[in-house]
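Student: First, the structure itself, so that you have it in front of you.
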Amino acid sequence: MTHTLKTGGDRGYLRIATEEAFATREQVDVFLRMVRDGTADKGMVSLWGFYATSPSERATQIMDRLLDLGEQRIAHMDETGIDKAILALTSPGVQPMLDTAEARGIASRANDYLADAVQKYPTRYIGMTAVAPQDPEWSAAEIRRGANELGFKGVQINSHTQGHYLDEPQFDPIFQALAETGQPLYIHPATLPDSMMGGMIDAGLDGAVFGFAVETSYHLLRLVTTGLFDRYPDLQIIAGHGCEALPYWLYRTDFMHKAGIRSGRYERLKPLQHDLFHYMRTNFLGTCSGLPFEPAIKLMIEVMGEDRVMYAMDYPYEYVADEVRAMDNLAITNAQKKKFFQTNAERWFNL
Ligand code: 1DF
Ligand code: MN
């Protein structure tokens, strides 16, 4: 231990954690029902079959912490010096639910429940809207309700929705609502759809360990290459886990993307207004959820710019006080550290 963790800015900055999860009982009950009645995909069986039924300490503790938006969570924030948590309904939200009316109900009640918690702890919690992309028009209306009536500051979508990706035209109302309300979209990982699962589960690599990043980075790149940011040049997409490794790959994806366009190899690849470096520095924000790892954070700062990299804990999936201390001790300038922990989140979530 190098220092005591306190809230209140004793180190010159507040700590705002930007990828913090909660669940509702009815959400988890539907996951369990889907696992039991055989309608869950392989990823759901692997992930929620584990968290909702395993007697292991990790699973029972995480379930307990996900379901709490009260004093226990506040105490854990106090213990690790987290001033504010930006909260979202845990992955995969309601996106795998086959009954769209049920999905809408669970998402809107989760939003109401979160709004109540934010009202109870207005200096500690900030909310993001949960949506049901199965119904894009309803989701657009819920995004407006979140921003205009519930006081939420962003939207979270947990990657694909039953194998569908946000560049598909039916999802456009969601981007219109984001543009109209001026909110960022957090694209959080989900498990791989069955079409991509391959041998990931046999290898034990389907979840947060690796599979999440494979699927989510693919989703994010699709948004770039299909020209989403040429249509919505002000759109801000937040990605966790070191921006899902996109900064690491950027030279190669940009080079090969240009080579693919020049050679006319793919019907779908059309010239974009800018190169991929531009979109990474203009439309993406990265967080250190799951990657409180100095080389990865410095890479994001170098590639994306110091205004685009933010702190996240990923409570309750990752709740490690020494990781917060390591972030306090990052070898970056004090001005960069204040941006990382506090002012970038204030700016991009419009706090
Ligand atoms: C896990 C990790 C699960 C993350 C998550 O949501 C999640 C996990 C279900 O460890 O199983 O959000 N994460 O973002 O790293
Ligand atoms: Mn997460």
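Convention: chains lettered A, B, ... in structure tokens order; per-chain residue numbering from 1; ligands numbered from 1 as shown.
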Under the rule of at most 8 Å, produce a per-residue listing of chain A near ligand 1: chain, number, name, the closest pair of atoms, and the distance in Å, as JSON lines, using only C-alpha atoms and all ligand atoms.

Tutor:
{"residue": "A:Glu19", "atom": "CA", "partner": "ligand 1", "partner_atom_place_in_ligand_line": "14 (O)", "distance": 7.4}
{"residue": "A:Glu20", "atom": "CA", "partner": "ligand 1", "partner_atom_place_in_ligand_line": "12 (O)", "distance": 7.9}
{"residue": "A:Ala21", "atom": "CA", "partner": "ligand 1", "partner_atom_place_in_ligand_line": "12 (O)", "distance": 6.7}
{"residue": "A:Leu47", "atom": "CA", "partner": "ligand 1", "partner_atom_place_in_ligand_line": "11 (O)", "distance": 6.5}
{"residue": "A:Trp48", "atom": "CA", "partner": "ligand 1", "partner_atom_place_in_ligand_line": "9 (C)", "distance": 7.7}
{"residue": "A:Tyr51", "atom": "CA", "partner": "ligand 1", "partner_atom_place_in_ligand_line": "11 (O)", "distance": 7.9}
{"residue": "A:Thr90", "atom": "CA", "partner": "ligand 1", "partner_atom_place_in_ligand_line": "6 (O)", "distance": 5.5}
{"residue": "A:Ser91", "atom": "CA", "partner": "ligand 1", "partner_atom_place_in_ligand_line": "9 (C)", "distance": 4.5}
{"residue": "A:Pro92", "atom": "CA", "partner": "ligand 1", "partner_atom_place_in_ligand_line": "9 (C)", "distance": 6.5}
{"residue": "A:His188", "atom": "CA", "partner": "ligand 1", "partner_atom_place_in_ligand_line": "14 (O)", "distance": 6.8}
{"residue": "A:Pro189", "atom": "CA", "partner": "ligand 1", "partner_atom_place_in_ligand_line": "14 (O)", "distance": 6.5}
{"residue": "A:Ala190", "atom": "CA", "partner": "ligand 1", "partner_atom_place_in_ligand_line": "9 (C)", "distance": 7.3}
{"residue": "A:Gly207", "atom": "CA", "partner": "ligand 1", "partner_atom_place_in_ligand_line": "11 (O)", "distance": 5.9}
{"residue": "A:Ala208", "atom": "CA", "partner": "ligand 1", "partner_atom_place_in_ligand_line": "2 (C)", "distance": 4.8}
{"residue": "A:Val209", "atom": "CA", "partner": "ligand 1", "partner_atom_place_in_ligand_line": "10 (O)", "distance": 7.3}
{"residue": "A:Gly240", "atom": "CA", "partner": "ligand 1", "partner_atom_place_in_ligand_line": "14 (O)", "distance": 7.3}
{"residue": "A:His241", "atom": "CA", "partner": "ligand 1", "partner_atom_place_in_ligand_line": "15 (O)", "distance": 7.2}
{"residue": "A:Ser289", "atom": "CA", "partner": "ligand 1", "partner_atom_place_in_ligand_line": "15 (O)", "distance": 6.7}
{"residue": "A:Gly290", "atom": "CA", "partner": "ligand 1", "partner_atom_place_in_ligand_line": "15 (O)", "distance": 5.5}
{"residue": "A:Asp314", "atom": "CA", "partner": "ligand 1", "partner_atom_place_in_ligand_line": "14 (O)", "distance": 5.9}
{"residue": "A:Tyr317", "atom": "CA", "partner": "ligand 1", "partner_atom_place_in_ligand_line": "10 (O)", "distance": 5.2}
{"residue": "A:Glu318", "atom": "CA", "partner": "ligand 1", "partner_atom_place_in_ligand_line": "15 (O)", "distance": 7.4}

Student: I'd like the contact shell of Met313 of chain A - 12 Å cut-off, only C-alpha atoms, skipping same-chain residues fewer than 5 positions apart - returned as an NGL selection string.

Tutor: :A and (15-21 or 76-77 or 80-87 or 240-241 or 287-292 or 318-327 or 341)

Student: Deliver the residues from the most recent selection as a file, using N, CA and C atoms, as an mmCIF file, in the first residue's frame.

Tutor:
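File out_30.cif, as written:
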data_model
loop_
_atom_site.group_PDB
_atom_site.id
_atom_site.type_symbol
_atom_site.label_atom_id
_atom_site.label_comp_id
_atom_site.auth_asym_id
_atom_site.auth_seq_id
_atom_site.Cartn_x
_atom_site.Cartn_y
_atom_site.Cartn_z
ATOM 1 N N ARG A 15 -12.072 11.601 -8.200
ATOM 2 C CA ARG A 15 -12.040 10.387 -9.023
ATOM 3 C C ARG A 15 -13.473 10.082 -9.490
ATOM 4 N N ILE A 16 -13.647 10.126 -10.808
ATOM 5 C CA ILE A 16 -14.940 9.785 -11.417
ATOM 6 C C ILE A 16 -14.755 8.467 -12.155
ATOM 7 N N ALA A 17 -15.517 7.469 -11.744
ATOM 8 C CA ALA A 17 -15.403 6.137 -12.352
ATOM 9 C C ALA A 17 -16.519 5.981 -13.380
ATOM 10 N N THR A 18 -16.160 5.650 -14.618
ATOM 11 C CA THR A 18 -17.086 5.841 -15.735
ATOM 12 C C THR A 18 -17.741 4.564 -16.283
ATOM 13 N N GLU A 19 -17.380 3.385 -15.758
ATOM 14 C CA GLU A 19 -18.011 2.155 -16.295
ATOM 15 C C GLU A 19 -18.430 1.268 -15.134
ATOM 16 N N GLU A 20 -19.432 1.703 -14.402
ATOM 17 C CA GLU A 20 -19.803 1.038 -13.156
ATOM 18 C C GLU A 20 -21.182 0.396 -13.363
ATOM 19 N N ALA A 21 -21.321 -0.844 -12.919
ATOM 20 C CA ALA A 21 -22.478 -1.659 -13.307
ATOM 21 C C ALA A 21 -23.435 -1.889 -12.147
ATOM 22 N N HIS A 76 -18.255 1.215 -0.410
ATOM 23 C CA HIS A 76 -17.141 0.716 -1.229
ATOM 24 C C HIS A 76 -16.489 1.846 -2.024
ATOM 25 N N MET A 77 -17.311 2.801 -2.470
ATOM 26 C CA MET A 77 -16.731 3.971 -3.155
ATOM 27 C C MET A 77 -15.884 4.779 -2.176
ATOM 28 N N THR A 80 -12.479 3.194 -1.519
ATOM 29 C CA THR A 80 -11.488 3.233 -2.608
ATOM 30 C C THR A 80 -11.351 4.638 -3.197
ATOM 31 N N GLY A 81 -11.894 5.637 -2.509
ATOM 32 C CA GLY A 81 -11.687 7.028 -2.931
ATOM 33 C C GLY A 81 -12.397 7.402 -4.217
ATOM 34 N N ILE A 82 -13.489 6.727 -4.519
ATOM 35 C CA ILE A 82 -14.241 7.055 -5.739
ATOM 36 C C ILE A 82 -15.292 8.106 -5.387
ATOM 37 N N ASP A 83 -15.132 9.309 -5.935
ATOM 38 C CA ASP A 83 -16.067 10.393 -5.635
ATOM 39 C C ASP A 83 -17.408 10.198 -6.336
ATOM 40 N N LYS A 84 -17.349 9.813 -7.597
ATOM 41 C CA LYS A 84 -18.581 9.682 -8.382
ATOM 42 C C LYS A 84 -18.506 8.441 -9.260
ATOM 43 N N ALA A 85 -19.668 7.778 -9.379
ATOM 44 C CA ALA A 85 -19.764 6.604 -10.252
ATOM 45 C C ALA A 85 -20.767 6.889 -11.359
ATOM 46 N N ILE A 86 -20.355 6.624 -12.588
ATOM 47 C CA ILE A 86 -21.271 6.727 -13.733
ATOM 48 C C ILE A 86 -21.799 5.317 -13.981
ATOM 49 N N LEU A 87 -23.098 5.158 -13.737
ATOM 50 C CA LEU A 87 -23.711 3.832 -13.608
ATOM 51 C C LEU A 87 -24.501 3.434 -14.844
ATOM 52 N N GLY A 240 -14.452 0.963 -23.294
ATOM 53 C CA GLY A 240 -13.638 0.612 -22.133
ATOM 54 C C GLY A 240 -12.469 -0.284 -22.517
ATOM 55 N N HIS A 241 -11.808 -0.813 -21.446
ATOM 56 C CA HIS A 241 -10.786 -1.845 -21.655
ATOM 57 C C HIS A 241 -9.738 -1.377 -22.664
ATOM 58 N N THR A 287 -11.557 4.331 -21.935
ATOM 59 C CA THR A 287 -11.409 4.251 -20.480
ATOM 60 C C THR A 287 -10.490 3.086 -20.125
ATOM 61 N N CYS A 288 -10.040 3.113 -18.871
ATOM 62 C CA CYS A 288 -9.096 2.089 -18.398
ATOM 63 C C CYS A 288 -9.802 0.973 -17.640
ATOM 64 N N SER A 289 -11.141 0.827 -17.817
ATOM 65 C CA SER A 289 -11.823 -0.288 -17.164
ATOM 66 C C SER A 289 -11.072 -1.580 -17.486
ATOM 67 N N GLY A 290 -10.857 -2.392 -16.460
ATOM 68 C CA GLY A 290 -10.203 -3.683 -16.675
ATOM 69 C C GLY A 290 -8.745 -3.598 -17.101
ATOM 70 N N LEU A 291 -8.233 -2.397 -17.324
ATOM 71 C CA LEU A 291 -6.853 -2.220 -17.782
ATOM 72 C C LEU A 291 -6.177 -1.087 -17.017
ATOM 73 N N PRO A 292 -6.097 -1.206 -15.699
ATOM 74 C CA PRO A 292 -5.365 -0.193 -14.934
ATOM 75 C C PRO A 292 -3.866 -0.457 -15.086
ATOM 76 N N GLU A 318 -14.576 -5.541 -11.027
ATOM 77 C CA GLU A 318 -13.196 -5.314 -10.614
ATOM 78 C C GLU A 318 -13.262 -4.302 -9.469
ATOM 79 N N TYR A 319 -12.852 -4.712 -8.297
ATOM 80 C CA TYR A 319 -12.921 -3.827 -7.121
ATOM 81 C C TYR A 319 -11.668 -4.059 -6.307
ATOM 82 N N VAL A 320 -10.612 -3.329 -6.673
ATOM 83 C CA VAL A 320 -9.275 -3.590 -6.138
ATOM 84 C C VAL A 320 -8.640 -2.249 -5.762
ATOM 85 N N ALA A 321 -8.524 -2.001 -4.464
ATOM 86 C CA ALA A 321 -8.011 -0.701 -4.011
ATOM 87 C C ALA A 321 -6.614 -0.408 -4.570
ATOM 88 N N ASP A 322 -5.771 -1.433 -4.648
ATOM 89 C CA ASP A 322 -4.414 -1.177 -5.137
ATOM 90 C C ASP A 322 -4.390 -0.744 -6.608
ATOM 91 N N GLU A 323 -5.427 -1.091 -7.345
ATOM 92 C CA GLU A 323 -5.489 -0.590 -8.728
ATOM 93 C C GLU A 323 -5.728 0.924 -8.738
ATOM 94 N N VAL A 324 -6.548 1.408 -7.803
ATOM 95 C CA VAL A 324 -6.768 2.861 -7.722
ATOM 96 C C VAL A 324 -5.448 3.544 -7.355
ATOM 97 N N ARG A 325 -4.734 2.954 -6.412
ATOM 98 C CA ARG A 325 -3.429 3.531 -6.026
ATOM 99 C C ARG A 325 -2.476 3.543 -7.215
ATOM 100 N N ALA A 326 -2.473 2.460 -7.997
ATOM 101 C CA ALA A 326 -1.594 2.419 -9.183
ATOM 102 C C ALA A 326 -1.962 3.534 -10.150
ATOM 103 N N MET A 327 -3.244 3.830 -10.278
ATOM 104 C CA MET A 327 -3.664 4.908 -11.180
ATOM 105 C C MET A 327 -3.254 6.278 -10.612
ATOM 106 N N PHE A 341 -8.769 11.481 -14.389
ATOM 107 C CA PHE A 341 -9.674 11.099 -13.296
ATOM 108 C C PHE A 341 -10.954 11.937 -13.257
#

Student: List the spatial neighbours of Phe229 of chain A as an mmCIF file with C-alpha atoms, in the first residue's frame - criterion: any atom at most 10 Å away, only C-alpha atoms, same-chain residues fewer than 3 positions off excluded.

Tutor:
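As a result, result.cif now contains:
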data_model
loop_
_atom_site.group_PDB
_atom_site.id
_atom_site.type_symbol
_atom_site.label_atom_id
_atom_site.label_comp_id
_atom_site.auth_asym_id
_atom_site.auth_seq_id
_atom_site.Cartn_x
_atom_site.Cartn_y
_atom_site.Cartn_z
ATOM 1 C CA LEU A 223 -19.032 1.709 -37.107
ATOM 2 C CA VAL A 224 -15.941 3.440 -38.493
ATOM 3 C CA THR A 225 -15.700 1.616 -41.815
ATOM 4 C CA THR A 226 -19.399 1.967 -42.647
ATOM 5 C CA TYR A 232 -22.605 11.979 -37.317
ATOM 6 C CA PRO A 233 -19.334 13.938 -37.083
ATOM 7 C CA ASP A 234 -20.010 15.081 -33.501
ATOM 8 C CA LEU A 235 -20.885 11.612 -32.171
ATOM 9 C CA GLN A 236 -18.745 10.476 -29.216
ATOM 10 C CA ILE A 237 -18.385 6.736 -28.625
ATOM 11 C CA LEU A 272 -14.287 7.705 -45.910
ATOM 12 C CA GLN A 273 -13.882 11.418 -45.429
ATOM 13 C CA HIS A 274 -10.889 10.877 -43.127
ATOM 14 C CA TYR A 279 -11.872 9.121 -36.044
ATOM 15 C CA THR A 282 -12.309 12.931 -32.914
ATOM 16 C CA ASN A 283 -15.084 10.443 -32.150
#

Student: Can you write out as CSV which residues of segment 152-184 of chain A fall within 12 Å of segment 95-106 of chain A, alongside each residue's closest atom pair and its distance in Å to one decimal, counting only C-alpha atoms and ordering rows by chain and ascending residue number?

Tutor:
residue,atom,partner,partner_atom,distance
A:Gln156,CA,A:Gln95,CA,11.2
A:Ile157,CA,A:Gln95,CA,8.3
A:Asn158,CA,A:Gln95,CA,7.5
A:Ser159,CA,A:Gln95,CA,8.9
A:His160,CA,A:Gln95,CA,7.9
A:Thr161,CA,A:Gln95,CA,5.3
A:Gln162,CA,A:Pro96,CA,5.7
A:Gly163,CA,A:Pro96,CA,9.2
A:His164,CA,A:Gln95,CA,10.2
A:Tyr165,CA,A:Gln95,CA,11.6

Student: Any chance you could export the current selection's N, CA and C atoms as a PDB file, in the first residue's frame?

Tutor:
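Just written: part.pdb:
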ATOM      1  N   GLN A 156     -25.814   3.618 -22.575  1.00  0.00           N
ATOM      2  CA  GLN A 156     -24.939   2.452 -22.756  1.00  0.00           C
ATOM      3  C   GLN A 156     -25.657   1.391 -23.586  1.00  0.00           C
ATOM      4  N   ILE A 157     -24.946   0.901 -24.596  1.00  0.00           N
ATOM      5  CA  ILE A 157     -25.418  -0.254 -25.370  1.00  0.00           C
ATOM      6  C   ILE A 157     -24.326  -1.313 -25.280  1.00  0.00           C
ATOM      7  N   ASN A 158     -24.766  -2.543 -25.004  1.00  0.00           N
ATOM      8  CA  ASN A 158     -23.823  -3.635 -24.785  1.00  0.00           C
ATOM      9  C   ASN A 158     -23.594  -4.394 -26.086  1.00  0.00           C
ATOM     10  N   SER A 159     -22.824  -3.776 -26.936  1.00  0.00           N
ATOM     11  CA  SER A 159     -22.410  -4.296 -28.243  1.00  0.00           C
ATOM     12  C   SER A 159     -23.588  -4.845 -29.045  1.00  0.00           C
ATOM     13  N   HIS A 160     -23.440  -6.025 -29.640  1.00  0.00           N
ATOM     14  CA  HIS A 160     -24.458  -6.498 -30.593  1.00  0.00           C
ATOM     15  C   HIS A 160     -25.797  -6.772 -29.908  1.00  0.00           C
ATOM     16  N   THR A 161     -26.850  -6.685 -30.697  1.00  0.00           N
ATOM     17  CA  THR A 161     -28.189  -7.055 -30.210  1.00  0.00           C
ATOM     18  C   THR A 161     -28.650  -8.255 -31.022  1.00  0.00           C
ATOM     19  N   GLN A 162     -28.576  -9.425 -30.412  1.00  0.00           N
ATOM     20  CA  GLN A 162     -28.962 -10.674 -31.074  1.00  0.00           C
ATOM     21  C   GLN A 162     -28.293 -10.793 -32.448  1.00  0.00           C
ATOM     22  N   GLY A 163     -26.993 -10.473 -32.462  1.00  0.00           N
ATOM     23  CA  GLY A 163     -26.196 -10.612 -33.687  1.00  0.00           C
ATOM     24  C   GLY A 163     -26.295  -9.429 -34.633  1.00  0.00           C
ATOM     25  N   HIS A 164     -27.030  -8.412 -34.249  1.00  0.00           N
ATOM     26  CA  HIS A 164     -27.132  -7.218 -35.102  1.00  0.00           C
ATOM     27  C   HIS A 164     -26.235  -6.105 -34.578  1.00  0.00           C
ATOM     28  N   TYR A 165     -25.677  -5.350 -35.527  1.00  0.00           N
ATOM     29  CA  TYR A 165     -24.693  -4.317 -35.211  1.00  0.00           C
ATOM     30  C   TYR A 165     -25.244  -2.931 -35.519  1.00  0.00           C
TER      31      TYR A 165
END

Student: Among segment 82-216 of chain A, which ones does DSSP place in strand (DSSP E), written as a PyMOL selection string?

Tutor: chain A and resi 84-89+125-130+154-157+185-187
